[in-house]
Structure formats: structure tokens, C-alpha cells
$ cat work-v5.cif   # mmCIF, C-alpha atoms
data_protein
#
loop_
_atom_site.label_atom_id
_atom_site.label_comp_id
_atom_site.auth_asym_id
_atom_site.auth_seq_id
_atom_site.Cartn_x
_atom_site.Cartn_y
_atom_site.Cartn_z
CA MET A 1 88.35 130.83 -103.51
CA ALA A 2 85.31 131.25 -101.31
CA GLY A 3 85.16 134.48 -99.38
CA GLY A 4 88.50 135.66 -100.80
CA LEU A 5 90.57 133.05 -98.94
CA SER A 6 92.25 129.99 -100.38
CA THR A 7 91.46 126.58 -98.89
CA GLY A 8 94.89 126.55 -97.23
CA ALA A 9 94.37 129.97 -95.68
CA ARG A 10 90.92 129.01 -94.36
CA PHE A 11 92.41 125.78 -92.89
CA LEU A 12 95.25 127.67 -91.23
CA GLY A 13 92.83 130.26 -89.87
CA GLY A 14 90.73 127.50 -88.33
CA PHE A 15 93.86 125.77 -87.04
CA PHE A 16 95.02 128.86 -85.16
CA GLU A 17 91.53 129.45 -83.77
CA VAL A 18 91.48 125.94 -82.29
CA THR A 19 95.10 125.68 -81.20
CA GLY A 20 95.81 129.32 -80.30
CA VAL A 21 97.84 130.33 -77.28
CA ASN A 22 94.78 131.75 -75.51
CA HIS A 23 93.77 128.41 -74.01
CA ARG A 24 92.93 128.32 -70.32
CA TYR A 25 92.13 125.48 -67.98
CA LEU A 26 89.06 125.75 -65.75
CA VAL A 27 89.01 123.72 -62.55
CA VAL A 28 85.45 122.96 -61.50
CA ILE A 29 84.68 121.00 -58.33
CA ASP A 30 81.40 119.67 -56.95
CA ASP A 31 81.48 122.05 -53.99
CA GLU A 32 80.33 125.22 -55.73
CA ARG A 33 81.58 127.43 -52.87
CA TYR A 34 85.08 126.78 -54.18
CA ASN A 35 85.26 127.55 -57.89
CA LEU A 36 89.04 127.29 -58.34
CA GLY A 37 88.90 129.39 -61.49
CA SER A 38 91.05 129.57 -64.57
CA TRP A 39 94.65 128.34 -64.78
CA SER A 40 97.26 128.98 -67.46
CA ARG A 41 99.26 125.78 -67.12
CA VAL A 42 98.50 122.15 -66.28
CA SER A 43 101.08 119.39 -66.01
CA GLY A 44 100.99 115.78 -64.85
CA LEU A 45 97.67 114.87 -66.41
CA GLY A 46 98.62 111.29 -67.22
CA VAL A 47 98.15 107.61 -66.50
CA THR A 48 100.46 104.57 -66.65
CA TRP A 49 99.89 100.87 -66.15
CA GLN A 50 102.28 98.43 -64.52
CA VAL A 51 103.11 95.47 -66.76
CA CYS A 52 102.83 92.27 -64.73
CA GLU A 53 104.42 88.98 -65.72
CA TYR A 54 103.66 85.52 -64.42
CA ARG A 55 105.42 82.25 -65.16
CA ALA A 56 103.61 79.16 -63.88
CA GLY A 57 105.81 76.52 -62.26
CA ASP A 58 108.49 75.04 -64.52
CA SER A 59 106.64 76.05 -67.68
CA ASN A 60 108.31 78.31 -70.19
CA ASP A 61 104.99 79.98 -70.82
CA LEU A 62 105.12 83.61 -69.73
CA PHE A 63 101.82 85.33 -69.13
CA THR A 64 101.75 89.12 -69.32
CA TYR A 65 98.88 91.24 -68.10
CA VAL A 66 98.22 94.84 -67.24
CA GLY A 67 97.99 95.95 -63.63
CA THR A 68 95.88 98.75 -62.18
CA PRO A 69 96.23 102.27 -63.56
CA ASN A 70 98.49 104.73 -61.74
CA TYR A 71 97.54 108.40 -62.10
CA SER A 72 100.11 111.18 -61.85
CA ARG A 73 99.69 114.16 -59.59
CA ILE A 74 98.43 117.24 -61.37
CA ARG A 75 100.15 120.62 -61.07
CA LEU A 76 98.18 123.76 -61.90
CA SER A 77 99.91 127.15 -62.28
CA ARG A 78 98.79 130.73 -62.89
CA ALA A 79 99.54 134.31 -61.96
CA VAL A 80 98.21 135.15 -58.51
CA CYS A 81 94.74 136.68 -58.97
CA PHE A 82 91.40 137.19 -57.22
CA ASP A 83 90.64 133.45 -57.55
CA SER A 84 93.75 132.75 -55.45
CA GLN A 85 91.74 133.76 -52.37
CA VAL A 86 89.14 131.09 -53.19
CA VAL A 87 91.94 128.51 -53.38
CA GLN A 88 93.18 129.64 -49.94
CA GLU A 89 89.67 129.24 -48.49
CA TRP A 90 89.40 125.74 -49.99
CA LEU A 91 92.83 124.78 -48.60
CA CYS A 92 91.78 126.01 -45.13
CA GLN A 93 88.58 123.98 -45.32
CA GLN A 94 90.56 120.88 -46.40
CA ALA A 95 93.06 121.40 -43.55
CA ARG A 96 90.23 121.60 -40.99
CA GLN A 97 88.18 118.73 -42.38
CA TYR A 98 89.54 116.61 -45.21
CA ARG A 99 86.88 115.90 -47.81
CA PRO A 100 87.82 114.40 -51.18
CA LEU A 101 85.85 115.80 -54.09
CA SER A 102 85.11 115.10 -57.70
CA GLY A 103 85.38 117.65 -60.45
CA SER A 104 86.95 118.37 -63.78
CA ILE A 105 89.71 120.15 -65.60
CA GLN A 106 88.41 121.70 -68.79
CA LEU A 107 90.52 123.07 -71.62
CA VAL A 108 88.67 126.12 -72.94
CA ASP A 109 89.42 128.44 -75.84
CA SER A 110 89.69 132.24 -75.76
CA LEU A 111 85.88 132.51 -75.84
CA GLY A 112 85.47 130.16 -72.86
CA LEU A 113 84.14 127.28 -74.95
CA LYS A 114 85.10 123.81 -73.72
CA ILE A 115 87.41 121.94 -76.09
CA VAL A 116 88.03 118.85 -73.96
CA GLY A 117 87.67 117.90 -70.30
CA TRP A 118 88.92 115.35 -67.79
CA GLU A 119 86.61 114.24 -64.97
CA LEU A 120 88.68 113.72 -61.83
CA LYS A 121 87.56 111.24 -59.19
CA HIS A 122 88.34 111.63 -55.50
CA PHE A 123 90.80 114.51 -55.74
CA PHE A 124 92.37 116.57 -52.98
CA PRO A 125 95.19 119.10 -52.55
CA VAL A 126 98.66 117.78 -51.69
CA GLY A 127 100.65 120.97 -52.21
CA TRP A 128 100.41 124.70 -52.81
CA SER A 129 103.04 127.39 -53.24
CA VAL A 130 103.65 130.92 -54.51
CA SER A 131 106.81 131.96 -56.28
CA GLU A 132 109.26 134.20 -54.45
CA LEU A 133 107.77 137.61 -53.67
CA ASP A 134 110.60 140.04 -54.35
CA PRO A 135 109.72 143.67 -55.19
CA SER A 136 113.14 144.23 -56.74
CA ARG A 137 112.45 141.65 -59.46
CA THR A 138 110.12 142.11 -62.39
CA GLY A 139 107.46 139.59 -63.24
CA VAL A 140 104.29 138.28 -61.68
CA ALA A 141 103.83 136.10 -58.64
CA VAL A 142 102.86 132.59 -59.73
CA GLU A 143 100.83 130.21 -57.61
CA THR A 144 101.01 126.45 -58.05
CA LEU A 145 98.46 123.95 -56.77
CA GLU A 146 99.19 120.22 -56.73
CA LEU A 147 96.34 117.70 -56.71
CA ALA A 148 96.27 113.94 -56.18
CA HIS A 149 93.36 111.92 -57.53
CA THR A 150 92.22 108.37 -58.19
CA GLY A 151 91.59 108.75 -61.87
CA PHE A 152 89.98 110.43 -64.83
CA LEU A 153 89.23 107.34 -66.94
CA ASP A 154 85.83 105.69 -66.74
CA ASP A 155 87.39 102.39 -65.62
CA ASP A 156 85.48 101.77 -62.36
CA VAL A 157 88.68 100.60 -60.67
CA ALA A 158 89.03 101.68 -57.06
CA PHE A 159 92.41 101.78 -55.36
CA SER A 160 94.18 103.86 -52.75
CA LEU A 161 96.99 106.32 -53.36
#

$ encode --input "work-v5.cif" --output "C-alpha cells"
Amino acid sequence: MAGGLSTGARFLGGFFEVTGVNHRYLVVIDDERYNLGSWSRVSGLGVTWQVCEYRAGDSNDLFTYVGTPNYSRIRLSRAVCFDSQVVQEWLCQQARQYRPLSGSIQLVDSLGLKIVGWELKHFFPVGWSVSELDPSRTGVAVETLELAHTGFLDDDVAFSL
């Protein structure tokens, strides 16, 4: 046992360091005035492909091919915080003059070190909300931001939403 820990204990220690519950998601966009900050939850980060089938004439040969990728909308959630004001400013700017941006969502550990990232192409807000603000209830106010985008894969396929 090196350092007083068994191999299994050292593995488990490393496992919990990498997969701990202290992960955050940073949203970085190419307009540095609007650093959207850290988020606690991300959903909808996914892609699907339509399966296309083609049968030529009276032939029994069926040709199957993959269509263009379809990217899901991304939903970001967190407790309302100081960065929520930056999101409001970005939403106001987008409402006045729509400008799609590029950027990334980065999964970071408790030390702020990037574990993995997804580069988003041509993304823009399509929804924003705050949970019910009721002083008689306990809990924090949660804001949710929904983004549409044209992809995070390096596939060089352009299509409209």
C-alpha cells in the first residue's frame, strides 16, 4: 500500500474527485461583455439523425442513409445570482438587435478546471424564466435559460432551425 491507501481506496478517491457533485457548467460566448457565468444544471445537450430510406422504382433494394443532424434545445438552470443580471442585459441586447453567437458550455470541477466542453455554433436565446417568487415558501429562486443552436459537432453541415 503506497501512502497508506490500498489501490481500491486510491481509485475510489480519484473517482470521487472526478465525478463529484461539485461540477458546474460555464457558459462562455464570443461577446465578452456577456459572460453568462456558472450554471448548476444543463439538459438537452444532444443530437439525433433522421434515418432516410429510398426504394428505387420496382426494385426490392432498399437504400438507407442518414439525414442531417438535429440538435436539441439546451436548458440551463441555476439559483438566481449576480450573473443573472448579465443574462438580463444579454437578453435585452438580443431583443433589440438579434445577433447569433458562438460559444461553449464547459463542464468544470470544483476547482474550476475544464473536464469537457461543447462548442456551440450559431446559438441564441429562445426562452428565459424564473421560478415563482413567493416569500412564504422556502427555497431559492431558480432561473432557466433556453438556447437554440445549429450544432456542437465539427460536421460543417449548415441548416436552419

$ resolve_selection --input "work-v5.cif" --expression "the PyMOL selection byres ((chain A and resi 46-61) around 9)" --output "PyMOL selection string"
chain A and resi 43-45+62-74+151-153

$ resolve_selection --input "work-v5.cif" --expression "the PyMOL selection byres ((chain A and resi 102-114) around 7)" --output "ChimeraX atom specification"
/A:22-30,101,115-123

$ residues_around --input "work-v5.cif" --residues "segment 143-145 of chain A" --least-positions-apart "5" --cutoff "10 Å" --atoms "all atoms listed in the file" --output "list in words"
Trp39, Arg41, Val42, Ile74, Arg75, Leu76, Ser77, Arg78, Ala79, Val80, Cys81, Ser84, Val87, Leu91, Pro125, Val126, Gly127, Trp128, Ser129, Val130, Ser131 and Glu132 of chain A

$ atom_distance --input "work-v5.cif" --atom1 "atom CA of Ala148 of chain A" --atom2 "atom CA of Phe124 of chain A"
5.7 Å

$ atom_distance --input "work-v5.cif" --atom1 "atom CA of Arg99 of chain A" --atom2 "atom CA of Gly37 of chain A"
19.3 Å

$ closest_residue --input "work-v5.cif" --among "A:Pro100, A:Thr138, A:Tyr34, A:His149" --to "Val86 of chain A" --atoms "all atoms listed in the file"
A:Tyr34

$ atom_distance --input "work-v5.cif" --atom1 "atom CA of Arg96 of chain A" --atom2 "atom CA of Val142 of chain A"
25.1 Å

$ build_atoms --input "work-v5.cif" --residues "segment 101-121 of chain A" --atoms "N, CA, C and O atoms" --output "mmCIF file, in the coordinates of the input"
data_model
loop_
_atom_site.group_PDB
_atom_site.id
_atom_site.type_symbol
_atom_site.label_atom_id
_atom_site.label_comp_id
_atom_site.auth_asym_id
_atom_site.auth_seq_id
_atom_site.Cartn_x
_atom_site.Cartn_y
_atom_site.Cartn_z
ATOM 1 N N LEU A 101 86.894 115.328 -53.195
ATOM 2 C CA LEU A 101 85.850 115.800 -54.090
ATOM 3 C C LEU A 101 86.028 115.227 -55.482
ATOM 4 O O LEU A 101 87.068 114.664 -55.802
ATOM 5 N N SER A 102 85.018 115.398 -56.283
ATOM 6 C CA SER A 102 85.110 115.100 -57.700
ATOM 7 C C SER A 102 85.025 116.421 -58.439
ATOM 8 O O SER A 102 84.575 117.420 -57.891
ATOM 9 N N GLY A 103 85.437 116.427 -59.672
ATOM 10 C CA GLY A 103 85.380 117.650 -60.450
ATOM 11 C C GLY A 103 86.001 117.424 -61.806
ATOM 12 O O GLY A 103 86.153 116.290 -62.252
ATOM 13 N N SER A 104 86.359 118.517 -62.457
ATOM 14 C CA SER A 104 86.950 118.370 -63.780
ATOM 15 C C SER A 104 87.947 119.472 -64.065
ATOM 16 O O SER A 104 87.922 120.543 -63.454
ATOM 17 N N ILE A 105 88.823 119.160 -64.992
ATOM 18 C CA ILE A 105 89.710 120.150 -65.600
ATOM 19 C C ILE A 105 89.244 120.262 -67.033
ATOM 20 O O ILE A 105 89.125 119.252 -67.732
ATOM 21 N N GLN A 106 88.939 121.477 -67.445
ATOM 22 C CA GLN A 106 88.410 121.700 -68.790
ATOM 23 C C GLN A 106 89.328 122.636 -69.548
ATOM 24 O O GLN A 106 89.631 123.731 -69.072
ATOM 25 N N LEU A 107 89.765 122.208 -70.712
ATOM 26 C CA LEU A 107 90.520 123.070 -71.620
ATOM 27 C C LEU A 107 89.505 123.904 -72.374
ATOM 28 O O LEU A 107 88.612 123.358 -73.027
ATOM 29 N N VAL A 108 89.609 125.230 -72.255
ATOM 30 C CA VAL A 108 88.670 126.120 -72.940
ATOM 31 C C VAL A 108 89.444 127.055 -73.863
ATOM 32 O O VAL A 108 90.617 127.355 -73.631
ATOM 33 N N ASP A 109 88.784 127.514 -74.903
ATOM 34 C CA ASP A 109 89.420 128.440 -75.840
ATOM 35 C C ASP A 109 89.274 129.880 -75.342
ATOM 36 O O ASP A 109 88.773 130.124 -74.237
ATOM 37 N N SER A 110 89.695 130.828 -76.167
ATOM 38 C CA SER A 110 89.690 132.240 -75.760
ATOM 39 C C SER A 110 88.277 132.766 -75.535
ATOM 40 O O SER A 110 88.099 133.784 -74.875
ATOM 41 N N LEU A 111 87.264 132.098 -76.051
ATOM 42 C CA LEU A 111 85.880 132.510 -75.840
ATOM 43 C C LEU A 111 85.245 131.807 -74.636
ATOM 44 O O LEU A 111 84.095 132.050 -74.312
ATOM 45 N N GLY A 112 85.989 130.911 -73.999
ATOM 46 C CA GLY A 112 85.470 130.160 -72.860
ATOM 47 C C GLY A 112 84.722 128.909 -73.236
ATOM 48 O O GLY A 112 84.076 128.292 -72.391
ATOM 49 N N LEU A 113 84.816 128.497 -74.502
ATOM 50 C CA LEU A 113 84.140 127.280 -74.950
ATOM 51 C C LEU A 113 84.999 126.062 -74.655
ATOM 52 O O LEU A 113 86.201 126.045 -74.953
ATOM 53 N N LYS A 114 84.384 125.034 -74.082
ATOM 54 C CA LYS A 114 85.100 123.810 -73.720
ATOM 55 C C LYS A 114 85.558 123.079 -74.969
ATOM 56 O O LYS A 114 84.786 122.832 -75.882
ATOM 57 N N ILE A 115 86.841 122.734 -75.009
ATOM 58 C CA ILE A 115 87.410 121.940 -76.090
ATOM 59 C C ILE A 115 87.445 120.473 -75.683
ATOM 60 O O ILE A 115 87.014 119.595 -76.414
ATOM 61 N N VAL A 116 87.946 120.204 -74.490
ATOM 62 C CA VAL A 116 88.030 118.850 -73.960
ATOM 63 C C VAL A 116 88.074 118.950 -72.436
ATOM 64 O O VAL A 116 88.486 119.975 -71.889
ATOM 65 N N GLY A 117 87.644 117.885 -71.754
ATOM 66 C CA GLY A 117 87.670 117.900 -70.300
ATOM 67 C C GLY A 117 88.058 116.543 -69.736
ATOM 68 O O GLY A 117 87.951 115.521 -70.414
ATOM 69 N N TRP A 118 88.528 116.560 -68.507
ATOM 70 C CA TRP A 118 88.920 115.350 -67.790
ATOM 71 C C TRP A 118 88.183 115.359 -66.455
ATOM 72 O O TRP A 118 88.376 116.263 -65.634
ATOM 73 N N GLU A 119 87.349 114.358 -66.224
ATOM 74 C CA GLU A 119 86.610 114.240 -64.970
ATOM 75 C C GLU A 119 87.498 113.548 -63.937
ATOM 76 O O GLU A 119 87.882 112.399 -64.116
ATOM 77 N N LEU A 120 87.812 114.259 -62.873
ATOM 78 C CA LEU A 120 88.680 113.720 -61.830
ATOM 79 C C LEU A 120 87.841 113.111 -60.711
ATOM 80 O O LEU A 120 86.875 113.709 -60.254
ATOM 81 N N LYS A 121 88.246 111.919 -60.281
ATOM 82 C CA LYS A 121 87.560 111.240 -59.190
ATOM 83 C C LYS A 121 88.390 111.403 -57.923
ATOM 84 O O LYS A 121 89.618 111.287 -57.956
#
